[in-house]
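Notes to accompany the following structure.
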Amino acid sequence: MNFDFFDFLDLCGNALNLFNGGSSDSIHYDLSDKKKKRKYVFEKISAVLYLISAVLFFFVFRNPTVSGNYTRSVAIASVSGFAVSVVIFFVIYLLGKYYFKSVFQWLFFSLSVTTLCVSVCLLIYFKSGIF
């Protein structure tokens with residue numbers, strides 16, 4: 001029984017190409033196309049989050065109805081929004097997705113998420129009527 005190692009490697013390569021979709025060239029082009037599509041993902045997400053928070057801030061500060069100390073209410077809601085954003089960042093870090101290529105991307109994304117969380121907490125705090 002003659003066993004040729006290169007025939008075995010050829011068989012393994014053919015099996016991998018079968019599961020791969022036929023050729024290894026298609027993987028290279030698919031990865032480059034996905035990379036081109038994902039070039040400014042964090043910047044786009046951050047811009048959308050800033051837009052949403054601007055709208056929420058407009059609804060919150062248009063006519064806030066707070067009895068008592070207004071500054072204390074804003075401070076409490078801001079600290080609670082910051083705490084929620086820290087929890088979100090910790091969960092993203094545990095999932096392994098909190099990686100950025102530049103400091104600008106990191107700051108832009110982190111500040112936009114923090115601003116969104118603060119605006120949501122302010123909206124809940126002022127408009128719910130519970131507090």
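Simple scheme: letters A, B, ... for chains in structure tokens order, numbers from 1 for residues in each chain, numbers from 1 for ligands in the order shown.
Residue neighbourhood of Val55 in chain A, excluding near-sequence residues (fewer than 5 positions): Val48, Leu49, Tyr50, Val60, Phe61, Arg62, Thr115, Leu116, Ser119, Val120 and Leu123 of chain A, at 12 Å, using only C-alpha atoms.
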Please produce an output containing C-alpha atoms for each residue in the selection, written as a PDB file, in the first residue's frame.
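The file below, again-v5.pdb, is the result:
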ATOM      1  CA  VAL A  48     -26.367  59.135  14.464  1.00  0.00           C
ATOM      2  CA  LEU A  49     -26.128  58.862  18.263  1.00  0.00           C
ATOM      3  CA  TYR A  50     -25.275  62.582  18.512  1.00  0.00           C
ATOM      4  CA  VAL A  60     -36.000  67.768  27.575  1.00  0.00           C
ATOM      5  CA  PHE A  61     -34.938  71.406  27.795  1.00  0.00           C
ATOM      6  CA  ARG A  62     -37.757  72.894  25.729  1.00  0.00           C
ATOM      7  CA  THR A 115     -24.303  61.893  25.616  1.00  0.00           C
ATOM      8  CA  LEU A 116     -27.097  59.598  24.467  1.00  0.00           C
ATOM      9  CA  SER A 119     -30.092  62.592  27.364  1.00  0.00           C
ATOM     10  CA  VAL A 120     -32.227  59.464  27.811  1.00  0.00           C
ATOM     11  CA  LEU A 123     -35.798  62.627  29.420  1.00  0.00           C
TER      12      LEU A 123
END
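Restricting the calculation to only C-alpha atoms, the smallest distance between Phe126 in chain A and any of A:Ser110, A:Ser85, A:Val74, A:Phe104 is found for A:Val74.
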Q: Write out as a list of chain:residue names which residues come within 9 Å of Val118 in chain A when counting only C-alpha atoms, dropping same-chain ones fewer than 5 positions away.
A: A:Ser53, A:Ala77, A:Ser78, A:Val79, A:Ser80, A:Gly81, A:Phe82, A:Val84, A:Ser85, A:Val113, A:Leu123
Q: Return the single residue from A:Phe100, A:Ser128, A:Phe108, A:Leu122 that is closest to Lys39 in chain A, with distances computed using only C-alpha atoms.
A: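 Closest residue, counting only C-alpha atoms: A:Phe100.
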